[in-house]
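Peer 1: What follows is my_file_27.cif, mmCIF, C-alpha atoms and all ligand atoms.
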```
data_coords
#
loop_
_atom_site.label_atom_id
_atom_site.label_comp_id
_atom_site.auth_asym_id
_atom_site.auth_seq_id
_atom_site.Cartn_x
_atom_site.Cartn_y
_atom_site.Cartn_z
CA MET B 25 3.91 -29.35 5.06
CA LEU B 26 5.58 -26.23 6.45
CA ASP B 27 4.83 -25.27 10.07
CA TYR B 28 3.80 -21.67 9.27
CA GLN B 29 2.85 -20.82 12.85
CA ALA B 30 6.28 -21.85 14.15
CA ILE B 31 7.96 -19.89 11.33
CA LEU B 32 6.05 -16.67 12.14
CA GLU B 33 6.78 -17.02 15.87
CA ASP B 34 10.43 -17.65 15.15
CA ILE B 35 10.60 -14.51 12.99
CA HIS B 36 8.85 -12.48 15.69
CA ASN B 37 11.31 -13.72 18.36
CA THR B 38 14.35 -13.07 16.18
CA LEU B 39 13.27 -9.51 15.35
CA LYS B 40 12.27 -8.57 18.93
CA SER B 41 15.94 -8.42 19.85
CA THR B 42 16.97 -6.20 16.90
CA GLU B 43 18.45 -2.99 18.25
CA ASP B 44 18.61 -0.42 15.46
CA THR B 45 15.12 -0.44 13.97
CA GLY B 46 15.05 3.04 12.38
CA ASP B 47 12.62 5.86 13.21
CA VAL B 48 8.87 6.35 12.95
CA ALA B 49 7.68 8.82 10.28
CA SER B 50 7.52 12.30 11.78
CA TYR B 51 6.73 14.50 8.74
CA ILE B 52 3.08 13.61 9.39
CA PRO B 53 2.98 14.64 13.09
CA GLU B 54 0.21 12.19 14.08
CA LEU B 55 2.27 9.22 12.85
CA ALA B 56 5.13 10.19 15.20
CA LYS B 57 2.88 9.34 18.17
CA VAL B 58 2.84 5.61 17.38
CA SER B 59 5.00 3.31 19.53
CA LYS B 60 8.11 2.08 17.79
CA ASP B 61 7.88 -1.28 19.57
CA SER B 62 4.77 -2.68 17.90
CA PHE B 63 5.21 -5.63 15.59
CA GLY B 64 2.57 -7.75 13.89
CA ILE B 65 2.56 -10.35 11.13
CA HIS B 66 -0.31 -12.21 9.51
CA LEU B 67 -0.24 -14.85 6.80
CA GLN B 68 -3.22 -16.08 4.84
CA LEU B 69 -2.97 -19.01 2.47
CA ILE B 70 -5.08 -19.13 -0.70
CA THR B 71 -6.88 -22.09 0.88
CA GLY B 72 -8.10 -19.83 3.71
CA GLU B 73 -5.96 -21.03 6.64
CA ASP B 74 -4.24 -18.22 8.48
CA TYR B 75 -1.38 -17.79 10.93
CA SER B 76 -0.16 -14.82 12.95
CA ALA B 77 2.11 -13.39 15.61
CA GLY B 78 2.41 -10.18 17.64
CA ASP B 79 0.12 -7.15 17.14
CA TYR B 80 -1.55 -8.46 13.99
CA LEU B 81 -5.00 -7.25 15.06
CA GLU B 82 -3.94 -3.69 15.87
CA LYS B 83 -5.02 -1.08 13.33
CA PHE B 84 -2.52 1.39 11.89
CA SER B 85 -2.55 4.03 9.17
CA ILE B 86 -2.07 2.21 5.87
CA GLN B 87 -0.69 5.32 4.07
CA SER B 88 0.79 4.37 0.68
CA ILE B 89 -0.63 0.85 0.81
CA SER B 90 -3.91 2.60 -0.06
CA LYS B 91 -2.42 3.44 -3.48
CA VAL B 92 -2.93 -0.19 -4.52
CA PHE B 93 -6.64 0.02 -3.66
CA SER B 94 -7.03 3.32 -5.54
CA LEU B 95 -5.19 1.92 -8.56
CA ALA B 96 -7.48 -1.13 -8.50
CA LYS B 97 -10.60 1.05 -8.29
CA ALA B 98 -9.37 3.28 -11.15
CA PHE B 99 -8.67 0.19 -13.30
CA GLN B 100 -12.23 -0.96 -12.58
CA LEU B 101 -13.65 2.41 -13.62
CA VAL B 102 -11.58 3.47 -16.63
CA GLY B 103 -9.50 0.41 -17.61
CA ASN B 104 -6.23 0.88 -19.46
CA SER B 105 -7.05 4.48 -20.35
CA LEU B 106 -5.50 5.48 -17.01
CA LEU B 107 -2.14 4.66 -18.62
CA GLU B 108 -2.51 7.81 -20.74
CA ARG B 109 -2.01 9.85 -17.57
CA VAL B 110 0.47 7.80 -15.56
CA ASP B 111 3.36 5.55 -16.63
CA VAL B 112 4.38 2.14 -15.26
CA GLU B 113 8.15 2.55 -14.96
CA PRO B 114 10.07 2.35 -11.67
CA SER B 115 11.24 5.81 -10.66
CA GLY B 116 14.42 4.83 -8.80
CA ASN B 117 13.65 7.87 -6.67
CA PRO B 118 12.03 8.53 -3.27
CA PHE B 119 8.23 8.38 -3.07
CA ASN B 120 7.85 12.17 -2.94
CA HIS B 121 10.45 13.13 -5.54
CA LEU B 122 9.39 15.85 -8.00
CA SER B 123 12.20 16.53 -10.48
CA LEU B 124 11.31 13.66 -12.87
CA LEU B 125 7.72 14.87 -12.91
CA GLU B 126 8.79 18.22 -14.30
CA LEU B 127 11.27 16.66 -16.72
CA GLU B 128 8.63 14.24 -18.02
CA ASN B 129 5.95 16.88 -18.60
CA GLY B 130 3.64 16.05 -15.72
CA ILE B 131 3.30 12.30 -16.43
CA PRO B 132 4.23 10.52 -13.18
CA ARG B 133 6.55 7.53 -13.53
CA ASN B 134 4.06 5.14 -11.88
CA PRO B 135 0.84 5.08 -9.82
CA LEU B 136 2.59 4.21 -6.54
CA ILE B 137 4.79 7.31 -6.11
CA ASN B 138 2.91 10.23 -4.60
CA ALA B 139 2.48 12.16 -7.88
CA GLY B 140 1.07 9.07 -9.62
CA ALA B 141 -1.31 8.34 -6.76
CA ILE B 142 -2.51 11.95 -6.89
CA VAL B 143 -3.39 11.49 -10.58
CA ILE B 144 -5.24 8.28 -9.69
CA ALA B 145 -7.07 10.17 -6.92
CA ASP B 146 -8.06 12.76 -9.53
CA ILE B 147 -9.47 10.00 -11.77
CA LEU B 148 -11.51 8.61 -8.86
CA LEU B 149 -12.80 12.06 -8.00
CA THR B 150 -14.05 12.45 -11.57
CA HIS B 151 -15.69 9.02 -11.81
CA LEU B 152 -17.08 8.27 -8.35
CA GLU B 153 -20.39 9.79 -7.32
CA ASN B 154 -19.46 10.13 -3.63
CA PRO B 155 -15.69 9.68 -3.86
CA LYS B 156 -14.67 9.27 -0.20
CA GLU B 157 -17.69 7.14 0.69
CA ASP B 158 -17.51 4.98 -2.44
CA PHE B 159 -13.77 4.39 -2.08
CA LEU B 160 -14.11 3.37 1.56
CA ASN B 161 -16.91 1.00 0.62
CA PHE B 162 -14.67 -0.57 -2.02
CA VAL B 163 -11.95 -1.28 0.56
CA ARG B 164 -14.56 -2.59 3.03
CA GLU B 165 -15.96 -4.85 0.33
CA LEU B 166 -12.56 -6.28 -0.56
CA ALA B 167 -11.81 -6.97 3.11
CA HIS B 168 -15.37 -7.98 3.96
CA ASP B 169 -15.14 -5.72 6.96
CA GLU B 170 -17.44 -2.79 7.69
CA SER B 171 -15.31 -1.60 10.61
CA ILE B 172 -12.59 -0.18 8.31
CA ASP B 173 -12.61 3.63 8.37
CA TYR B 174 -10.71 6.86 7.73
CA ASN B 175 -8.79 8.47 10.57
CA GLU B 176 -9.77 12.15 10.40
CA THR B 177 -7.01 13.23 12.80
CA ILE B 178 -4.31 11.67 10.62
CA ALA B 179 -5.85 13.08 7.42
CA GLU B 180 -5.91 16.56 9.00
CA SER B 181 -2.35 16.18 10.30
CA GLU B 182 -1.11 15.35 6.79
CA HIS B 183 -3.14 18.22 5.35
CA GLU B 184 -1.34 20.66 7.66
CA THR B 185 2.16 19.53 6.67
CA GLY B 186 1.54 18.26 3.12
CA PHE B 187 3.55 20.95 1.30
CA ASN B 188 5.36 18.44 -0.89
CA ASN B 189 2.09 16.90 -2.07
CA TYR B 190 0.71 20.39 -2.74
CA ALA B 191 3.80 21.00 -4.88
CA ALA B 192 3.21 17.73 -6.78
CA ALA B 193 -0.49 18.49 -7.32
CA ASN B 194 0.24 22.03 -8.51
CA LEU B 195 2.90 20.78 -10.90
CA LEU B 196 0.44 18.20 -12.27
CA LYS B 197 -2.16 20.93 -12.64
CA SER B 198 0.29 23.16 -14.51
CA PHE B 199 0.83 20.35 -17.04
CA GLY B 200 -2.92 19.77 -17.42
CA ASN B 201 -2.76 16.36 -15.73
CA LEU B 202 -5.09 17.21 -12.83
CA HIS B 203 -8.71 17.80 -13.82
CA ASN B 204 -10.23 18.60 -10.43
CA GLU B 205 -9.25 21.29 -7.92
CA VAL B 206 -5.93 20.72 -6.11
CA GLU B 207 -7.62 21.07 -2.71
CA ASP B 208 -10.32 18.49 -3.52
CA VAL B 209 -7.88 15.94 -4.93
CA LEU B 210 -5.56 16.25 -1.93
CA ASP B 211 -8.43 16.02 0.52
CA PHE B 212 -9.33 12.68 -1.09
CA TYR B 213 -5.67 11.57 -1.19
CA PHE B 214 -4.97 12.43 2.47
CA HIS B 215 -8.10 10.54 3.47
CA GLN B 216 -7.23 7.41 1.49
CA CYS B 217 -3.79 7.38 3.18
CA SER B 218 -5.36 7.77 6.64
CA ILE B 219 -7.39 4.52 6.42
CA MET B 220 -6.77 2.34 9.47
CA MET B 221 -6.37 -1.41 9.01
CA SER B 222 -4.72 -4.30 10.82
CA CYS B 223 -2.40 -6.87 9.27
CA ARG B 224 -5.30 -9.32 9.18
CA GLN B 225 -7.62 -6.86 7.44
CA LEU B 226 -4.89 -6.15 4.89
CA THR B 227 -4.35 -9.79 4.01
CA ASN B 228 -8.12 -10.18 3.66
CA ALA B 229 -8.33 -7.19 1.31
CA PHE B 230 -5.24 -8.14 -0.73
CA PHE B 231 -6.58 -11.67 -1.29
CA VAL B 232 -8.10 -10.29 -4.52
CA PHE B 233 -4.56 -9.71 -5.89
CA THR B 234 -3.47 -13.22 -4.87
CA ASN B 235 -6.59 -14.81 -6.34
CA LYS B 236 -6.72 -13.44 -9.94
CA GLY B 237 -9.25 -10.72 -9.10
CA LYS B 238 -11.71 -12.66 -6.94
CA CYS B 239 -12.13 -11.64 -3.30
CA LEU B 240 -12.49 -13.91 -0.27
CA LYS B 241 -16.16 -14.41 -1.06
CA ASN B 242 -15.29 -15.40 -4.62
CA VAL B 243 -16.80 -12.23 -6.16
CA GLU B 244 -14.84 -11.00 -9.21
CA HIS B 245 -13.72 -7.36 -8.68
CA LEU B 246 -10.90 -7.22 -11.25
CA THR B 247 -9.95 -9.20 -14.34
CA ALA B 248 -6.99 -11.59 -14.20
CA SER B 249 -5.20 -9.26 -16.62
CA GLN B 250 -5.72 -6.22 -14.38
CA VAL B 251 -4.41 -8.17 -11.40
CA LYS B 252 -1.35 -9.24 -13.40
CA ARG B 253 -0.65 -5.57 -14.12
CA ILE B 254 -1.22 -4.40 -10.55
CA ASN B 255 1.09 -7.10 -9.20
CA ALA B 256 3.74 -6.17 -11.79
CA ILE B 257 3.53 -2.52 -10.71
CA MET B 258 3.86 -3.56 -7.05
CA LEU B 259 6.93 -5.64 -7.84
CA THR B 260 8.70 -2.94 -9.85
CA CYS B 261 7.49 0.21 -8.04
CA GLY B 262 6.01 -0.77 -4.64
CA PHE B 263 9.08 0.20 -2.63
CA TYR B 264 10.26 3.27 -4.57
CA ASP B 265 14.04 3.51 -4.66
CA GLU B 266 14.17 0.23 -2.74
CA ALA B 267 12.05 -1.80 -5.17
CA GLY B 268 15.15 -3.60 -6.46
CA GLU B 269 16.27 -4.40 -2.92
CA PHE B 270 12.81 -5.77 -2.00
CA ALA B 271 12.71 -7.97 -5.11
CA PHE B 272 16.27 -9.12 -4.37
CA GLU B 273 15.79 -9.85 -0.66
CA VAL B 274 12.12 -10.89 -0.54
CA GLY B 275 11.12 -11.76 -4.12
CA LEU B 276 7.42 -10.90 -3.96
CA PRO B 277 5.16 -8.12 -5.28
CA GLY B 278 4.24 -5.90 -2.36
CA LYS B 279 3.51 -2.43 -1.09
CA SER B 280 4.73 -0.42 1.89
CA GLY B 281 3.39 2.62 3.73
CA VAL B 282 5.02 5.15 6.06
CA GLY B 283 2.66 3.95 8.81
CA GLY B 284 5.01 0.94 8.94
CA GLY B 285 2.82 -1.59 7.12
CA ILE B 286 3.89 -3.87 4.27
CA VAL B 287 1.69 -6.29 2.33
CA ALA B 288 3.17 -8.83 -0.06
CA LEU B 289 1.83 -11.83 -1.91
CA LEU B 290 2.69 -14.89 -3.92
CA PRO B 291 0.03 -15.19 -6.65
CA HIS B 292 -2.25 -18.21 -6.18
CA CYS B 293 -0.46 -19.14 -2.94
CA PHE B 294 -0.49 -16.67 -0.02
CA THR B 295 -0.86 -13.07 1.19
CA ILE B 296 1.23 -11.75 4.07
CA ALA B 297 1.15 -8.45 5.97
CA THR B 298 3.57 -7.03 8.53
CA TRP B 299 3.48 -3.95 10.72
CA SER B 300 6.38 -2.32 12.51
CA PRO B 301 6.30 1.51 12.56
CA ALA B 302 10.02 2.32 12.52
CA LEU B 303 11.21 3.07 8.99
CA ASN B 304 14.49 2.82 7.13
CA PRO B 305 15.81 5.89 5.23
CA GLN B 306 13.74 4.95 2.13
CA GLY B 307 10.51 5.17 4.17
CA ASN B 308 9.88 1.41 4.30
CA SER B 309 9.39 -0.53 7.54
CA TYR B 310 12.78 -1.66 8.77
CA LEU B 311 11.61 -4.80 10.57
CA GLY B 312 8.83 -5.50 8.07
CA MET B 313 11.40 -5.83 5.28
CA LYS B 314 13.52 -8.11 7.47
CA ALA B 315 10.50 -10.23 8.49
CA LEU B 316 9.52 -10.82 4.89
CA GLU B 317 13.07 -11.62 3.86
CA LEU B 318 13.22 -14.21 6.67
CA PHE B 319 9.81 -15.60 5.65
CA THR B 320 10.66 -16.21 2.00
CA SER B 321 14.11 -17.55 2.92
CA LYS B 322 12.77 -19.99 5.52
CA THR B 323 9.85 -21.20 3.38
CA LYS B 324 11.66 -20.97 0.00
CA LEU B 325 8.40 -19.45 -1.32
CA SER B 326 8.84 -16.51 -3.72
CA ILE B 327 8.06 -15.73 -7.34
CA PHE B 328 11.65 -16.55 -8.32
O1 LIG Y 401 1.86 11.31 0.73
C1 LIG Y 401 2.55 10.90 1.65
O2 LIG Y 401 3.69 11.32 1.83
C2 LIG Y 401 1.98 9.85 2.57
N1 LIG Y 401 0.58 10.05 2.75
C3 LIG Y 401 2.21 8.46 2.03
C4 LIG Y 401 3.66 8.14 1.81
C5 LIG Y 401 4.00 6.72 1.98
O3 LIG Y 401 3.34 5.97 2.68
C6 LIG Y 401 5.26 6.26 1.35
N2 LIG Y 401 5.49 4.84 1.57
N3 LIG Y 401 6.32 4.23 2.08
#
```
In structure tokens, write the structure found in this file.
Ligand code: DON

Peer 2:
Amino acid sequence: MLDYQAILEDIHNTLKSTEDTGDVASYIPELAKVSKDSFGIHLQLITGEDYSAGDYLEKFSIQSISKVFSLAKAFQLVGNSLLERVDVEPSGNPFNHLSLLELENGIPRNPLINAGAIVIADILLTHLENPKEDFLNFVRELAHDESIDYNETIAESEHETGFNNYAAANLLKSFGNLHNEVEDVLDFYFHQCSIMMSCRQLTNAFFVFTNKGKCLKNVEHLTASQVKRINAIMLTCGFYDEAGEFAFEVGLPGKSGVGGGIVALLPHCFTIATWSPALNPQGNSYLGMKALELFTSKTKLSIF
């Protein structure tokens, strides 16, 4: 039996002394206020035992990690028909890249780049009665935690500087692939990205993707086939133009956010979340990537 607690502490100690850890995201001004020194890691086994180190209880802005929750909710609501409006191919480009979107007639490469997540947000806006409230309740339900909430200051901060996302939404609209108003879709999207969660809350919520669609309380939220697809999209697209590198170094499906969080999982085995706000040039947590690479190397647990 592996000593998971010792492994997480060892990873934490090794990474504490790393000097060049990248920079926090500053294009969303509120995110630039977060301390670069925070580091948390939390592991939850499918059997329920959990292990942790560092700031694993501190909440941070989940940003693009929320795209996995919105994709899951859209799958629940409209099933495979969402694939008529968004593809499932890796983009090989940064998360906010727009040229492929124009070239490919307004069909985003996948639901995890910004343009794809904006289409998913549009689908949720159409199908949810009270979109922001219902979506938040979905995330709370998955995590079994009513304390999870939006951060209005971060949502507003992104709204003020979100010119690139406005460009994406307008381009989608011009191709007929946005059915609601640009302003309404982006308001929803900026809110979903602002959700605050800790590493522990993230592993609780992502349990559903580790456990074939059943959450911690054994309630079925997604079919096994939908979970297979979501995990495949995380593996191939979860880290944008670094998805290959993440598969190569870590070997797990996962998702990052510019708040510095990463969640990854080994189906039927474990869910793991890390948080370290400084990012590498691709917008993924510098130390989070390293922590997960160390974890799968030390435990020899990966999908490969
Ligand atoms: O739309 C944006 O740019 C941000 N709200 C989310 C980007 C993000 O987290 C990319 N992931 N690493």

Peer 1: CA of Leu195 (chain B) to CA of Leu136 (chain B): how many Å, to one decimal?

Peer 2: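 The value is 17.1 Å.
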
Peer 1: Pick out the residues no farther than 8 Å from ligand LIG 401 (chain Y), counting all atoms listed in the file, and list them as a list of chain:residue names.

Peer 2: B:Ile52, B:Ile86, B:Gln87, B:Ser88, B:Ile89, B:Phe119, B:Asn120, B:Ile137, B:Asn138, B:Glu182, B:Gly186, B:Asn188, B:Asn189, B:Tyr213, B:Phe214, B:Cys217, B:Ser218, B:Phe263, B:Tyr264, B:Lys279, B:Ser280, B:Gly281, B:Val282, B:Gly283, B:Gly284, B:Gln306, B:Gly307, B:Asn308, B:Ser309

Peer 1: Can you work out the spacing between CA of Glu184 (chain B) and CA of Phe84 (chain B) in Å, to one decimal?

Peer 2: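 CA of Phe84 (chain B) lies 19.8 Å from CA of Glu184 (chain B).
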
Peer 1: What is the distance, in Å and to one decimal place, between CA of Ile70 (chain B) and CA of Ile172 (chain B)?

Peer 2: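 Spanning CA of Ile70 (chain B) to CA of Ile172 (chain B) is a straight-line distance of 22.3 Å.
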
Peer 1: I'd like the contact shell of Asp265 (chain B) - 9 Å cut-off, only C-alpha atoms, skipping same-chain residues fewer than 6 positions apart - returned as a ChimeraX atom specification.

Peer 2: /B:114-119,306

Peer 1: Please produce, as CSV, a per-residue contact table for region 254-309 of chain B versus region 32-51 of chain B (criterion: any atom at most 6 Å away, all atoms listed in the file considered), showing the nearest atom pair and its distance in Å to one decimal, sorted by chain then residue number.

Peer 2:
```
residue,atom,partner,partner_atom,distance
B:Pro301,CA,B:Val48,CA,5.5
B:Ala302,CA,B:Val48,CA,4.2
B:Leu303,CA,B:Gly46,CA,5.1
B:Asn304,CA,B:Gly46,CA,5.3
```

Peer 1: Keeping only C-alpha atoms, write the selected residues as a PDB file, keeping the file's coordinate frame.

Peer 2:
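Contents of the output file selection_35.pdb:
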```pdb
ATOM      1  CA  PRO B 301       6.300   1.510  12.560  1.00  0.00           C
ATOM      2  CA  ALA B 302      10.020   2.320  12.520  1.00  0.00           C
ATOM      3  CA  LEU B 303      11.210   3.070   8.990  1.00  0.00           C
ATOM      4  CA  ASN B 304      14.490   2.820   7.130  1.00  0.00           C
TER       5      ASN B 304
END
```

Peer 1: For Ala139 (chain B), list every protein, DNA or RNA residue within 9 Å, evaluated using only C-alpha atoms, and leave out those in the same chain fewer than 2 positions away; present the list as an MDAnalysis selection string.

Peer 2: chainID B and resid 119:122 125 130:137 141:144 189 192:193 196

Peer 1: Please produce a file of the residues just selected, as a compact mmCIF listing (two decimals), in the frame of the given file, where the atoms kept are C-alpha atoms.

Peer 2:
```
# COMPACT_ATOMS: atom_id res chain seq x y z
CA PHE B 119 8.23 8.38 -3.07
CA ASN B 120 7.85 12.17 -2.94
CA HIS B 121 10.45 13.13 -5.54
CA LEU B 122 9.39 15.85 -8.00
CA LEU B 125 7.72 14.87 -12.91
CA GLY B 130 3.64 16.05 -15.72
CA ILE B 131 3.30 12.30 -16.43
CA PRO B 132 4.23 10.52 -13.18
CA ARG B 133 6.55 7.53 -13.53
CA ASN B 134 4.06 5.14 -11.88
CA PRO B 135 0.84 5.08 -9.82
CA LEU B 136 2.59 4.21 -6.54
CA ILE B 137 4.79 7.31 -6.11
CA ALA B 141 -1.31 8.34 -6.76
CA ILE B 142 -2.51 11.95 -6.89
CA VAL B 143 -3.39 11.49 -10.58
CA ILE B 144 -5.24 8.28 -9.69
CA ASN B 189 2.09 16.90 -2.07
CA ALA B 192 3.21 17.73 -6.78
CA ALA B 193 -0.49 18.49 -7.32
CA LEU B 196 0.44 18.20 -12.27
```

Peer 1: Skip Val243 (chain B) itself and residues of its chain fewer than 3 positions away, then list as a list in words all residues within 10 Å of it, counting only C-alpha atoms.

Peer 2: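 Near neighbours after the sequence-gap exclusion: Glu165, Leu166, Val232, Gly237, Lys238, Cys239, Leu240 and Leu246 of chain B.
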
Peer 1: Identify, on the basis of all atoms listed in the file, every residue whose closest approach to Tyr174 (chain B) does not exceed 9 Å; exclude the query and any residue fewer than 3 positions from it along the same chain; express the result as a PyMOL selection string.

Peer 2: chain B and resi 85+160+177-179+215-220

Peer 1: Which residue is closest to Phe212 (chain B)? Choose from B:Ala248, B:Leu107, B:Ala271, B:Ile147 and count only C-alpha atoms.

Peer 2: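 Between B:Ala248, B:Leu107, B:Ala271, B:Ile147, the residue approaching Phe212 (chain B) most closely is B:Ile147.
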
Peer 1: Neighbouring residues of Ser171 (chain B) were defined as those with any atom within 10 Å, considering only C-alpha atoms; residues of the same chain fewer than 2 positions away were excluded. Please report them as a ChimeraX atom specification.

Peer 2: /B:164,167-169,173,220-221,225

Peer 1: Calculated over only C-alpha atoms, which of the candidates B:Ile65, B:Ala267, B:Ile257, B:Leu290 has the smallest distance to Tyr28 (chain B)?

Peer 2: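 Closest residue, counting only C-alpha atoms: B:Ile65.
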
Peer 1: Please check which residues have atoms at most 9 Å from (-2.4, -23.0, 5.5) in the file's coordinates, counting all atoms listed in the file, and write them as an MDAnalysis selection string.

Peer 2: chainID B and resid 25:28 67:75 294

Peer 1: In terms of the shortest atom-to-atom distance over only C-alpha atoms, which of B:Lys97, B:Lys197, B:His203, B:Lys57 is closest to Leu152 (chain B)?

Peer 2: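 Residue with the minimum atom-to-atom distance to Leu152 (chain B): B:Lys97.
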